[in-house]
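To be precise, the following lines are run.cif, and they hold mmCIF, C-alpha atoms.
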data_final
loop_
_atom_site.label_atom_id
_atom_site.label_comp_id
_atom_site.auth_asym_id
_atom_site.auth_seq_id
_atom_site.Cartn_x
_atom_site.Cartn_y
_atom_site.Cartn_z
CA MET A 1 39.95 -49.32 -82.11
CA ALA A 2 43.62 -48.85 -81.34
CA SER A 3 44.58 -46.44 -78.55
CA LEU A 4 46.29 -43.16 -79.35
CA GLY A 5 49.46 -44.54 -77.78
CA ASP A 6 49.47 -47.45 -80.23
CA LEU A 7 48.89 -45.11 -83.16
CA GLU A 8 51.66 -42.81 -82.00
CA ARG A 9 54.04 -45.73 -81.87
CA ALA A 10 52.96 -46.93 -85.30
CA VAL A 11 53.43 -43.46 -86.82
CA MET A 12 56.85 -43.10 -85.19
CA ASP A 13 57.86 -46.53 -86.51
CA ARG A 14 56.88 -45.38 -90.02
CA LEU A 15 58.83 -42.13 -89.68
CA TRP A 16 61.87 -43.93 -88.33
CA SER A 17 61.92 -46.49 -91.10
CA ALA A 18 61.22 -43.97 -93.89
CA ASP A 19 64.07 -42.65 -96.05
CA GLY A 20 63.00 -39.03 -95.70
CA PRO A 21 60.22 -36.80 -94.42
CA LEU A 22 56.67 -38.05 -95.07
CA ALA A 23 53.44 -36.20 -95.77
CA ALA A 24 50.35 -37.07 -93.74
CA THR A 25 48.72 -38.73 -96.78
CA GLU A 26 51.77 -40.96 -97.24
CA LEU A 27 51.60 -41.93 -93.59
CA ARG A 28 47.92 -42.78 -93.94
CA ASP A 29 48.63 -44.91 -96.98
CA GLY A 30 51.57 -46.57 -95.23
CA LEU A 31 49.27 -47.48 -92.34
CA ALA A 32 46.53 -48.64 -94.69
CA GLY A 33 46.02 -51.83 -92.70
CA ARG A 34 44.65 -49.72 -89.87
CA GLY A 35 42.07 -47.90 -91.98
CA LEU A 36 42.81 -44.47 -90.57
CA ALA A 37 41.12 -41.22 -91.54
CA LEU A 38 43.45 -38.40 -92.53
CA THR A 39 42.21 -36.31 -89.61
CA THR A 40 43.26 -39.06 -87.22
CA VAL A 41 46.74 -39.06 -88.71
CA HIS A 42 46.89 -35.30 -88.24
CA THR A 43 45.71 -35.61 -84.64
CA VAL A 44 48.40 -38.15 -83.89
CA LEU A 45 51.05 -36.03 -85.61
CA SER A 46 50.15 -32.89 -83.70
CA ARG A 47 50.27 -34.82 -80.42
CA LEU A 48 53.71 -36.10 -81.34
CA GLU A 49 54.79 -32.57 -82.23
CA GLN A 50 53.59 -31.28 -78.86
CA LYS A 51 55.69 -33.93 -77.17
CA GLY A 52 58.69 -32.87 -79.20
CA PHE A 53 59.12 -36.15 -81.05
CA VAL A 54 58.19 -34.93 -84.54
CA VAL A 55 58.94 -31.80 -86.57
CA HIS A 56 57.47 -30.66 -89.89
CA ASP A 57 58.84 -28.52 -92.72
CA GLU A 58 57.12 -25.58 -94.39
CA GLY A 59 56.46 -27.34 -97.70
CA ARG A 60 53.03 -27.85 -99.23
CA PRO A 61 51.90 -30.35 -98.24
CA ARG A 62 53.76 -30.38 -94.94
CA ARG A 63 56.17 -33.23 -94.51
CA PHE A 64 56.95 -34.73 -91.14
CA ARG A 65 60.04 -36.38 -89.78
CA ALA A 66 61.16 -37.78 -86.43
CA ARG A 67 63.30 -35.39 -84.42
CA GLY A 68 65.61 -38.09 -83.09
CA THR A 69 66.14 -41.79 -83.56
CA ARG A 70 64.60 -44.36 -81.29
CA GLU A 71 68.05 -44.83 -79.77
CA ASP A 72 68.28 -41.08 -79.05
CA HIS A 73 65.07 -41.18 -77.05
CA ALA A 74 66.10 -44.32 -75.19
CA ALA A 75 69.45 -42.69 -74.39
CA GLU A 76 67.75 -39.53 -73.15
CA LEU A 77 65.56 -41.57 -70.84
CA MET A 78 68.43 -43.67 -69.54
CA HIS A 79 70.50 -40.57 -68.99
CA GLU A 80 67.78 -39.21 -66.70
CA VAL A 81 67.28 -42.51 -64.93
CA LEU A 82 70.97 -43.26 -64.40
CA GLY A 83 71.96 -39.71 -63.56
CA GLN A 84 69.09 -39.07 -61.25
CA ALA A 85 69.62 -36.49 -58.58
CA GLY A 86 68.13 -36.87 -55.11
CA ASP A 87 64.88 -35.21 -56.06
CA ARG A 88 64.33 -37.73 -58.83
CA GLN A 89 63.75 -40.39 -56.22
CA ALA A 90 60.24 -39.07 -55.94
CA VAL A 91 59.80 -39.23 -59.71
CA LEU A 92 60.67 -42.86 -60.17
CA ALA A 93 61.79 -45.63 -57.91
CA ARG A 94 64.95 -47.22 -59.20
CA PHE A 95 65.72 -50.74 -58.04
CA VAL A 96 69.29 -49.95 -57.02
CA GLY A 97 71.19 -46.71 -57.27
CA GLY A 98 74.74 -46.67 -58.53
CA VAL A 99 77.58 -47.60 -56.19
CA ASP A 100 81.30 -47.11 -56.71
CA PRO A 101 83.44 -50.03 -57.97
CA ASP A 102 84.99 -50.67 -54.56
CA GLU A 103 81.65 -51.10 -52.96
CA ALA A 104 80.38 -53.27 -55.80
CA ARG A 105 83.35 -55.56 -55.15
CA LEU A 106 82.57 -55.64 -51.41
CA LEU A 107 78.96 -56.55 -52.11
CA ARG A 108 79.94 -59.41 -54.41
CA ALA A 109 82.34 -60.74 -51.82
CA LEU A 110 79.65 -60.48 -49.19
CA LEU A 111 77.28 -62.48 -51.33
CA ALA A 112 79.92 -65.12 -52.04
CA ALA A 113 80.82 -65.39 -48.37
CA ALA A 114 77.19 -65.92 -47.38
CA GLY A 115 77.12 -69.27 -49.13
CA PRO A 116 74.29 -70.82 -51.08
CA GLY A 117 71.85 -71.52 -48.24
CA GLU A 118 69.02 -69.31 -47.04
CA PRO A 119 70.04 -67.07 -44.13
CA THR A 120 67.84 -67.17 -41.08
CA ALA A 121 67.09 -64.59 -38.46
CA MET B 1 55.82 -12.43 -21.66
CA LEU B 2 55.81 -15.46 -23.88
CA PRO B 3 52.67 -17.59 -23.39
CA ALA B 4 53.54 -20.97 -21.90
CA THR B 5 51.97 -22.68 -24.92
CA ALA B 6 54.25 -20.85 -27.34
CA ALA B 7 57.28 -21.70 -25.21
CA ALA B 8 56.33 -25.37 -25.04
CA LEU B 9 55.75 -25.51 -28.81
CA ALA B 10 59.08 -23.77 -29.44
CA VAL B 11 60.89 -26.32 -27.28
CA LEU B 12 59.15 -29.15 -29.11
CA ALA B 13 60.03 -27.60 -32.48
CA ALA B 14 63.68 -27.30 -31.46
CA LEU B 15 63.74 -30.94 -30.35
CA LEU B 16 62.15 -32.06 -33.61
CA ALA B 17 64.47 -29.91 -35.69
CA TRP B 18 67.61 -31.61 -34.55
CA PRO B 19 68.01 -34.10 -31.66
CA VAL B 20 64.99 -36.32 -32.37
CA PRO B 21 65.68 -36.89 -36.10
CA ALA B 22 69.36 -37.43 -35.29
CA LEU B 23 68.41 -40.10 -32.74
CA LEU B 24 65.94 -41.81 -35.05
CA ALA B 25 68.40 -41.75 -37.98
CA ARG B 26 71.06 -43.37 -35.81
CA ALA B 27 68.77 -45.86 -34.08
CA GLY B 28 69.38 -49.53 -34.75
CA TRP B 29 65.78 -50.71 -34.82
CA PRO B 30 64.32 -49.14 -38.01
CA PRO B 31 65.74 -51.85 -40.35
CA ARG B 32 64.01 -54.43 -38.16
CA ASP B 33 60.62 -52.91 -38.96
CA PRO B 34 60.81 -50.38 -41.81
CA LEU B 35 57.07 -49.75 -41.92
CA VAL B 36 56.82 -48.69 -38.27
CA ALA B 37 59.92 -46.53 -38.74
CA LEU B 38 58.31 -44.89 -41.78
CA VAL B 39 55.23 -44.05 -39.72
CA CYS B 40 57.51 -42.49 -37.08
CA TRP B 41 59.28 -40.35 -39.69
CA GLN B 42 55.97 -39.09 -41.10
CA ALA B 43 54.74 -38.22 -37.60
CA LEU B 44 58.02 -36.49 -36.84
CA GLY B 45 57.87 -34.34 -39.96
CA LEU B 46 54.26 -33.38 -39.44
CA ALA B 47 54.72 -32.64 -35.72
CA GLY B 48 57.83 -30.55 -36.48
CA GLY B 49 56.01 -28.33 -38.96
CA LEU B 50 52.98 -28.05 -36.71
CA SER B 51 54.98 -27.04 -33.63
CA ILE B 52 57.22 -24.44 -35.26
CA ILE B 53 54.37 -22.71 -37.09
CA GLY B 54 52.15 -23.11 -34.02
CA ALA B 55 54.76 -21.54 -31.73
CA LEU B 56 55.12 -18.49 -33.99
CA LEU B 57 51.35 -18.15 -34.37
CA VAL B 58 50.57 -18.44 -30.66
CA HIS B 59 53.21 -15.87 -29.78
CA GLY B 60 52.18 -13.48 -32.53
CA LEU B 61 48.52 -13.66 -31.55
CA ALA B 62 49.18 -13.39 -27.81
CA PRO B 63 47.80 -9.81 -27.54
CA TRP B 64 44.42 -11.05 -28.77
CA GLY B 65 44.17 -14.04 -26.46
CA ALA B 66 46.20 -16.55 -24.49
CA SER B 67 45.27 -19.56 -26.64
CA LEU B 68 45.03 -20.02 -30.38
CA PRO B 69 41.23 -20.63 -30.56
CA GLU B 70 40.58 -17.61 -28.32
CA ALA B 71 42.95 -15.32 -30.23
CA LEU B 72 41.71 -16.43 -33.64
CA GLY B 73 38.13 -15.88 -32.50
CA ALA B 74 39.02 -12.39 -31.36
CA VAL B 75 40.77 -11.51 -34.62
CA LEU B 76 37.93 -12.89 -36.75
CA THR B 77 35.23 -11.02 -34.82
CA GLY B 78 37.29 -7.84 -34.94
CA ARG B 79 37.78 -7.59 -31.18
CA PRO B 80 40.69 -5.25 -30.37
CA ALA B 81 43.88 -6.59 -28.80
CA GLY B 82 43.84 -6.75 -25.02
CA THR B 83 47.47 -5.74 -24.63
CA PRO B 84 49.62 -3.52 -26.87
CA VAL B 85 50.73 -5.23 -30.10
CA ARG B 86 54.53 -4.96 -30.30
CA GLY B 87 56.96 -5.39 -33.16
CA ASP B 88 57.90 -8.93 -32.16
CA HIS B 89 54.26 -10.00 -32.47
CA TRP B 90 54.12 -8.78 -36.05
CA THR B 91 57.49 -10.39 -36.76
CA THR B 92 56.46 -13.82 -35.54
CA LEU B 93 53.12 -13.58 -37.34
CA THR B 94 54.94 -12.74 -40.56
CA LEU B 95 57.40 -15.59 -40.00
CA ALA B 96 54.55 -18.02 -39.39
CA GLY B 97 52.92 -16.93 -42.62
CA VAL B 98 56.14 -17.15 -44.63
CA LEU B 99 57.07 -20.55 -43.23
CA ALA B 100 53.61 -22.04 -43.73
CA THR B 101 53.48 -20.71 -47.27
CA GLU B 102 56.95 -21.98 -48.03
CA LEU B 103 56.39 -25.49 -46.68
CA LEU B 104 53.04 -25.93 -48.39
CA GLY B 105 54.16 -24.12 -51.54
CA VAL B 106 57.26 -26.24 -51.94
CA LEU B 107 55.21 -29.37 -51.37
CA LEU B 108 52.80 -28.31 -54.10
CA LEU B 109 55.63 -27.32 -56.44
CA SER B 110 57.37 -30.65 -55.88
CA TRP B 111 54.15 -32.44 -56.65
CA VAL B 112 53.64 -30.54 -59.90
CA ARG B 113 57.27 -30.91 -60.95
CA THR B 114 57.45 -34.65 -60.29
CA ALA B 115 54.14 -35.17 -62.08
CA ARG B 116 55.48 -33.31 -65.11
CA THR B 117 58.76 -35.23 -65.18
CA ARG B 118 56.88 -38.50 -64.82
CA ARG B 119 54.62 -37.64 -67.73
CA ARG B 120 57.67 -36.89 -69.86
CA HIS B 121 59.29 -40.18 -68.86
CA ARG B 122 56.12 -42.06 -69.64
CA GLU B 123 55.86 -40.43 -73.07
CA LEU B 124 59.46 -41.35 -73.87
CA LEU B 125 58.92 -44.85 -72.58
CA GLU B 126 55.74 -45.47 -74.53
CA LEU B 127 57.68 -44.57 -77.63
CA VAL B 128 60.85 -46.57 -77.21
CA VAL B 129 59.95 -49.67 -75.22
CA GLN B 130 58.43 -52.98 -76.08
CA PRO B 131 55.85 -54.77 -73.98
CA ALA B 132 57.52 -57.41 -71.83
CA ALA B 133 56.03 -60.77 -70.96
CA LEU B 134 54.27 -59.11 -68.02
CA PRO B 135 51.27 -56.86 -68.70
CA ASP B 136 52.44 -53.91 -66.60
CA ALA B 137 56.15 -54.21 -67.45
CA ARG B 138 58.14 -52.79 -70.35
CA LEU B 139 61.48 -53.76 -71.80
CA LEU B 140 63.99 -51.03 -72.60
CA GLU B 141 66.88 -51.80 -74.93
CA HIS B 142 69.94 -50.78 -72.95
CA PRO B 143 73.04 -52.68 -71.84
CA ALA B 144 73.12 -51.29 -68.28
CA PRO B 145 71.31 -53.48 -65.72
CA VAL B 146 68.53 -51.12 -64.68
CA ALA B 147 65.04 -51.58 -63.30
CA PHE B 148 62.68 -48.88 -62.17
CA CYS B 149 59.04 -48.00 -61.85
CA ILE B 150 57.16 -44.81 -62.54
CA PRO B 151 54.34 -44.37 -60.05
CA GLY B 152 51.13 -42.55 -60.82
CA ALA B 153 47.66 -43.22 -62.16
CA ARG B 154 49.08 -45.51 -64.84
CA PRO B 155 52.11 -47.04 -63.17
CA LEU B 156 54.84 -48.51 -65.34
CA LEU B 157 57.52 -51.01 -64.50
CA VAL B 158 60.61 -50.95 -66.70
CA LEU B 159 63.39 -53.48 -67.07
CA SER B 160 66.42 -52.90 -69.25
CA SER B 161 67.57 -55.62 -71.61
CA GLY B 162 70.88 -55.56 -69.70
CA MET B 163 69.04 -56.47 -66.51
CA VAL B 164 67.15 -59.29 -68.19
CA ALA B 165 70.38 -60.65 -69.65
CA GLU B 166 72.24 -60.60 -66.33
CA LEU B 167 69.60 -62.23 -64.16
CA ASP B 168 67.98 -65.64 -64.11
CA ASP B 169 64.21 -65.93 -63.83
CA ALA B 170 64.13 -66.15 -60.04
CA ALA B 171 66.22 -63.00 -59.57
CA LEU B 172 64.19 -61.17 -62.20
CA ALA B 173 61.00 -62.11 -60.38
CA ALA B 174 62.56 -60.70 -57.21
CA VAL B 175 63.27 -57.38 -58.94
CA VAL B 176 59.74 -57.18 -60.32
CA ALA B 177 58.24 -58.05 -56.92
CA HIS B 178 60.33 -55.29 -55.30
CA GLU B 179 59.22 -52.65 -57.80
CA ARG B 180 55.59 -53.78 -57.59
CA ALA B 181 55.77 -53.34 -53.82
CA HIS B 182 56.79 -49.69 -54.34
CA LEU B 183 53.83 -49.17 -56.62
CA ARG B 184 51.28 -51.02 -54.54
CA GLU B 185 52.19 -49.26 -51.29
CA HIS B 186 52.58 -45.85 -52.97
CA HIS B 187 56.07 -45.30 -51.56
CA HIS B 188 56.51 -42.15 -53.64
CA LEU B 189 53.96 -40.47 -51.40
CA TYR B 190 56.02 -41.25 -48.28
CA LEU B 191 59.01 -39.63 -49.95
CA LEU B 192 57.37 -36.55 -51.40
CA PRO B 193 57.17 -34.43 -48.21
CA PHE B 194 60.78 -35.18 -47.35
CA VAL B 195 61.99 -34.31 -50.84
CA ALA B 196 60.03 -31.07 -50.65
CA TRP B 197 61.19 -30.10 -47.18
CA GLU B 198 64.80 -30.81 -47.92
CA ALA B 199 64.44 -28.37 -50.80
CA ALA B 200 62.62 -25.85 -48.59
CA LEU B 201 65.02 -26.04 -45.65
CA PRO B 202 68.51 -26.66 -47.04
CA VAL B 203 70.05 -25.20 -43.88
CA LEU B 204 68.43 -27.80 -41.66
CA PRO B 205 70.63 -30.91 -41.54
CA ALA B 206 67.70 -32.90 -40.15
CA ALA B 207 65.81 -32.43 -43.42
CA ALA B 208 68.54 -34.11 -45.47
CA ARG B 209 69.01 -36.81 -42.85
CA ALA B 210 65.29 -37.53 -42.73
CA HIS B 211 65.10 -37.74 -46.51
CA ALA B 212 68.00 -40.21 -46.69
CA ALA B 213 66.55 -42.35 -43.90
CA VAL B 214 63.09 -42.49 -45.47
CA ARG B 215 64.58 -43.36 -48.85
CA THR B 216 66.47 -46.31 -47.38
CA LEU B 217 63.46 -47.44 -45.37
CA VAL B 218 61.09 -47.60 -48.36
CA GLU B 219 63.67 -49.74 -50.17
CA MET B 220 63.88 -52.10 -47.18
CA ARG B 221 60.11 -52.19 -46.92
CA ALA B 222 59.85 -53.07 -50.63
CA ASP B 223 62.46 -55.81 -50.08
CA ASP B 224 60.35 -57.24 -47.25
CA VAL B 225 57.16 -57.21 -49.29
CA ALA B 226 58.97 -58.79 -52.25
CA LEU B 227 60.37 -61.59 -50.04
CA ALA B 228 56.89 -62.54 -48.89
CA SER B 229 55.74 -63.15 -52.46
CA LEU B 230 58.83 -64.95 -53.78
CA PRO B 231 58.74 -68.68 -54.29
CA GLY B 232 61.88 -70.77 -54.27
CA PRO B 233 64.10 -72.11 -51.52
CA ALA B 234 66.19 -69.01 -50.82
CA PRO B 235 64.32 -65.78 -51.63
CA ARG B 236 66.63 -63.62 -49.48
CA ARG B 237 69.67 -64.79 -51.35
CA THR B 238 67.93 -64.41 -54.71
CA LEU B 239 66.99 -60.81 -53.98
CA ALA B 240 70.46 -60.02 -52.61
CA ARG B 241 71.98 -61.43 -55.80
CA ALA B 242 69.71 -59.25 -57.92
CA ILE B 243 70.73 -56.16 -55.93
CA VAL B 244 74.44 -56.94 -56.27
CA VAL B 245 74.13 -57.47 -60.01
CA ALA B 246 72.18 -54.25 -60.48
CA ALA B 247 74.60 -52.32 -58.30
CA GLY B 248 77.82 -53.27 -59.98
CA GLY B 249 77.14 -55.42 -62.98
CA ALA B 250 77.95 -59.10 -62.92
CA GLY B 251 81.45 -60.52 -62.81
CA GLY B 252 83.50 -62.83 -60.68
CA ALA B 253 83.64 -62.38 -56.96
CA GLY B 254 86.35 -59.88 -56.17
CA VAL B 255 88.93 -60.11 -53.46
CA PRO B 256 87.44 -59.25 -50.09
CA SER B 257 89.27 -56.14 -48.98
CA GLY B 258 88.93 -55.38 -45.32
CA ALA B 259 85.92 -55.65 -43.09
CA LEU B 260 82.62 -56.42 -44.73
CA ALA B 261 80.36 -55.90 -41.77
CA VAL B 262 79.75 -52.25 -42.54
CA THR B 263 79.66 -51.20 -46.14
CA GLY B 264 78.23 -47.83 -45.26
CA SER B 265 75.89 -47.15 -48.14
CA ALA B 266 72.19 -47.78 -48.34
CA VAL B 267 72.66 -50.48 -50.99
CA GLY B 268 75.19 -52.25 -48.78
CA ASP B 269 72.84 -52.01 -45.81
CA ARG B 270 70.13 -53.65 -47.87
CA VAL B 271 72.35 -56.55 -48.92
CA VAL B 272 73.65 -57.09 -45.39
CA ARG B 273 70.11 -56.98 -44.08
CA LEU B 274 69.04 -59.65 -46.57
CA LEU B 275 71.99 -61.94 -45.92
CA GLN B 276 72.11 -61.46 -42.15
CA PRO B 277 68.51 -60.70 -41.30
CA PRO B 278 68.00 -58.92 -37.96
CA ALA B 279 65.38 -60.30 -35.59
CA PRO B 280 61.98 -58.72 -36.20
CA LEU B 281 60.90 -56.09 -33.72
CA PRO B 282 58.97 -57.61 -30.79
CA GLY B 283 55.31 -56.66 -30.47
CA TRP B 284 55.78 -54.42 -27.44
CA ALA B 285 58.50 -52.43 -29.21
CA ARG B 286 56.29 -51.92 -32.27
CA ALA B 287 53.46 -50.77 -30.04
CA LEU B 288 55.80 -48.40 -28.20
CA ALA B 289 57.10 -46.89 -31.44
CA LEU B 290 53.61 -46.41 -32.85
CA LEU B 291 52.42 -44.94 -29.54
CA SER B 292 55.32 -42.47 -29.59
CA ALA B 293 54.44 -41.48 -33.14
CA GLY B 294 50.84 -40.89 -32.07
CA LEU B 295 51.91 -38.83 -29.06
CA LEU B 296 54.27 -36.82 -31.25
CA LEU B 297 51.27 -35.68 -33.29
CA LEU B 298 48.93 -35.35 -30.35
CA VAL B 299 51.11 -33.08 -28.20
CA PRO B 300 51.43 -30.10 -30.59
CA THR B 301 47.79 -30.49 -31.66
CA ALA B 302 46.65 -30.44 -28.04
CA LEU B 303 48.90 -27.47 -27.22
CA LEU B 304 47.41 -25.54 -30.12
CA LEU B 305 43.77 -26.34 -29.49
CA LEU B 306 43.48 -26.42 -25.71
CA PRO B 307 43.23 -23.14 -23.81
CA ALA B 308 46.64 -21.85 -22.79
CA LEU B 309 48.15 -23.12 -19.58
#
Target encoding structure tokens, full file:
Amino acid sequence: MASLGDLERAVMDRLWSADGPLAATELRDGLAGRGLALTTVHTVLSRLEQKGFVVHDEGRPRRFRARGTREDHAAELMHEVLGQAGDRQAVLARFVGGVDPDEARLLRALLAAAGPGEPTA
Amino acid sequence: MLPATAAALAVLAALLAWPVPALLARAGWPPRDPLVALVCWQALGLAGGLSIIGALLVHGLAPWGASLPEALGAVLTGRPAGTPVRGDHWTTLTLAGVLATELLGVLLLSWVRTARTRRRHRELLELVVQPAALPDARLLEHPAPVAFCIPGARPLLVLSSGMVAELDDAALAAVVAHERAHLREHHHLYLLPFVAWEAALPVLPAAARAHAAVRTLVEMRADDVALASLPGPAPRRTLARAIVVAAGGAGGAGVPSGALAVTGSAVGDRVVRLLQPPAPLPGWARALALLSAGLLLLVPTALLLLPAL
């Protein structure tokens, strides 16, 4: 049994690669290899809608499409990570915060000056 | 007449509000033992809150009794005040209530807000990333060299494709070890109170200073933990290289311009610390620092609980 996260990713992949909006039955058929019940597809879709990743139209049957591309979501995430304010430090721990170009140059010079050996205390 | 306990707590609160954090932030020893310094900062924050709220409470309750247990007992059993209750007693009681509510409320709010933002980040991540070679790591398609981790019940470690492209295997392992150290030692919990109190007390310069110091110290601590687990002949250099790449992208070594000894920023301090490691703190100094942290907590607690002087 695949986790909901896996199913969500699979459904999003379908929606992203589709030419237009898809109905739930089409999604089920497209994911035939997984043997999903229609209710499961609806559950996954409503979870994705709650998260703001999917929208549906008012047609009958309803047709679903992704709200943004995969790149849009990646960009949104990176925007938050790269532009993190001080309070975001508690949200996620970034390996290195940004530094200005001057300092980046200083750091590289420092590294070069230290030579290849292992420094000792 | 101010009870001696309230006066002593007020003096302690004043010391902890400015001179003590200023001294600790400027001290040279914390980079030599980040963990002990982190313990000191936590003790300082807790003792500061305890003494300021305690001072207000003891003064406000003075008409009911000379010490906090006595006065609280009197109030709870409905015993009338022994001396007239003046306006300043009500004022300090109100202030104590407001301050306690604000500090705890902001802490709670911070907790809720960071948890919500983390959930959102995790949802986005689950959608856009691919599993990396490591079970708990994810690969994010992006040219910028970025690595980060999202703490929580289901921690996630994320590397950007830019980071993977810039670094060799040894440096990448150093980055992963650093982020895993954050997760394993729950560094976000050390930071949370300082984030919250900086938001609650924007007028207090010590709050911002404490937050910045703690942020740098958890990075240094994670560097230390990462070094211990790195194989290879020169782990310090490997980690320093990874930091420099992540900080400014790769590229040829630039022209050294001016003195390098002090770069000023936290990232620079980390690199200098890796390349020119300071001697570890001797055992007696560690013991002294930890003892001071313990005393810092013990003094306001004792002042509050023991009968007034």
For chain A, which of B:Glu123, B:Asp224, B:Asp136, B:Glu185 is the closest residue, counting only C-alpha atoms? B:Glu123
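Residues from chain B that have an atom within 6 Å of chain A, counting only C-alpha atoms, are B:Thr114, B:Arg118, B:Leu127, B:Val128, B:Ala147, B:Phe148, B:Cys149, B:Ile150, B:His188, B:Leu192, B:Ala234, B:Ala247, B:Gly248, B:Ala253, B:Gly254, B:Pro256, B:Leu275, B:Pro277, B:Pro278, B:Ala279.
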Chain and number of each residue from the PyMOL selection byres ((chain B and resi 232) around 12), as number ranges by chain: A: 117-118; B: 169-171, 173-174, 227-231, 233-239
Write the residues of the preceding selection, restricted to C-alpha atoms, as a PDB file, keeping the file's coordinate frame.
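Final output, selection.pdb:
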ATOM      1  CA  GLY A 117      71.850 -71.520 -48.240  1.00  0.00           C
ATOM      2  CA  GLU A 118      69.020 -69.310 -47.040  1.00  0.00           C
TER       3      GLU A 118
ATOM      4  CA  ASP B 169      64.210 -65.930 -63.830  1.00  0.00           C
ATOM      5  CA  ALA B 170      64.130 -66.150 -60.040  1.00  0.00           C
ATOM      6  CA  ALA B 171      66.220 -63.000 -59.570  1.00  0.00           C
ATOM      7  CA  ALA B 173      61.000 -62.110 -60.380  1.00  0.00           C
ATOM      8  CA  ALA B 174      62.560 -60.700 -57.210  1.00  0.00           C
ATOM      9  CA  LEU B 227      60.370 -61.590 -50.040  1.00  0.00           C
ATOM     10  CA  ALA B 228      56.890 -62.540 -48.890  1.00  0.00           C
ATOM     11  CA  SER B 229      55.740 -63.150 -52.460  1.00  0.00           C
ATOM     12  CA  LEU B 230      58.830 -64.950 -53.780  1.00  0.00           C
ATOM     13  CA  PRO B 231      58.740 -68.680 -54.290  1.00  0.00           C
ATOM     14  CA  PRO B 233      64.100 -72.110 -51.520  1.00  0.00           C
ATOM     15  CA  ALA B 234      66.190 -69.010 -50.820  1.00  0.00           C
ATOM     16  CA  PRO B 235      64.320 -65.780 -51.630  1.00  0.00           C
ATOM     17  CA  ARG B 236      66.630 -63.620 -49.480  1.00  0.00           C
ATOM     18  CA  ARG B 237      69.670 -64.790 -51.350  1.00  0.00           C
ATOM     19  CA  THR B 238      67.930 -64.410 -54.710  1.00  0.00           C
ATOM     20  CA  LEU B 239      66.990 -60.810 -53.980  1.00  0.00           C
TER      21      LEU B 239
END
When you draw a straight line from CA of Ala25 in chain B to CA of Ala210 in chain B, how long is it in Å? 7.1 Å
Which residues come within 7 Å of range 5-12 of chain B, counting all atoms listed in the file, excluding same-chain residues fewer than 4 positions away, as a ChimeraX atom specification? /B:16,51-52,54-55,58-59,300,303,308-309
Quick one, how far is CA of Leu125 in chain B from CA of Glu26 in chain A? 26.0 Å
I'd like the contact shell of His42 in chain A - 10 Å cut-off, only C-alpha atoms, skipping same-chain residues fewer than 4 positions apart - returned as a PyMOL selection string. chain A and resi 24-25+27-28+37-38+46-48
Here CA of Val41 in chain A and CA of Asp29 in chain A stand apart by 10.3 Å
For Leu50 in chain B, please output as a VMD selection string all residues within 12 Å (counting only C-alpha atoms; exclusion window: fewer than 3 positions along the same chain). chain B and resid 6 9 to 10 12 to 14 16 to 17 43 to 47 53 to 58 96 99 to 100 103 to 104 296 to 305
Between A:Pro21, A:Gly35, A:Gly30, A:Gly68, which one has atoms that come closest to Gly52 in chain A, using all atoms listed in the file?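 That would be A:Gly68, the residue with the smallest distance to Gly52 in chain A.
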May I ask which of the residues A:Gly59, A:His79, A:Arg65, A:Thr43 is the closest one to Leu22 in chain A, counting all atoms listed in the file? A:Arg65
Rank nothing, just name the residue among B:Val195, B:Leu139, B:Leu306, B:Ala181 nearest to Arg209 in chain B, using all atoms listed in the file.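 Answer, going by the shortest atom-to-atom distance: B:Val195.
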Reconstruct N, CA and C atoms of range 65-73 of chain A; output as a tab-separated table (two decimals), in the frame of the given file.
chain	number	residue	atom	x	y	z
A	65	ARG	N	58.97	-35.42	-90.04
A	65	ARG	CA	60.04	-36.38	-89.78
A	65	ARG	C	60.27	-36.49	-88.27
A	66	ALA	N	60.86	-37.59	-87.85
A	66	ALA	CA	61.16	-37.78	-86.43
A	66	ALA	C	62.31	-36.87	-86.05
A	67	ARG	N	62.25	-36.31	-84.85
A	67	ARG	CA	63.30	-35.39	-84.42
A	67	ARG	C	64.57	-36.15	-84.07
A	68	GLY	N	64.43	-37.31	-83.45
A	68	GLY	CA	65.61	-38.09	-83.09
A	68	GLY	C	65.32	-39.55	-83.37
A	69	THR	N	66.35	-40.36	-83.33
A	69	THR	CA	66.14	-41.79	-83.56
A	69	THR	C	65.55	-42.42	-82.29
A	70	ARG	N	65.09	-43.62	-82.45
A	70	ARG	CA	64.60	-44.36	-81.29
A	70	ARG	C	65.70	-44.47	-80.23
A	71	GLU	N	66.93	-44.69	-80.70
A	71	GLU	CA	68.05	-44.83	-79.77
A	71	GLU	C	68.29	-43.52	-79.01
A	72	ASP	N	68.10	-42.38	-79.71
A	72	ASP	CA	68.28	-41.08	-79.05
A	72	ASP	C	67.32	-40.95	-77.87
A	73	HIS	N	66.06	-41.33	-78.11
A	73	HIS	CA	65.07	-41.18	-77.05
A	73	HIS	C	65.35	-42.14	-75.90
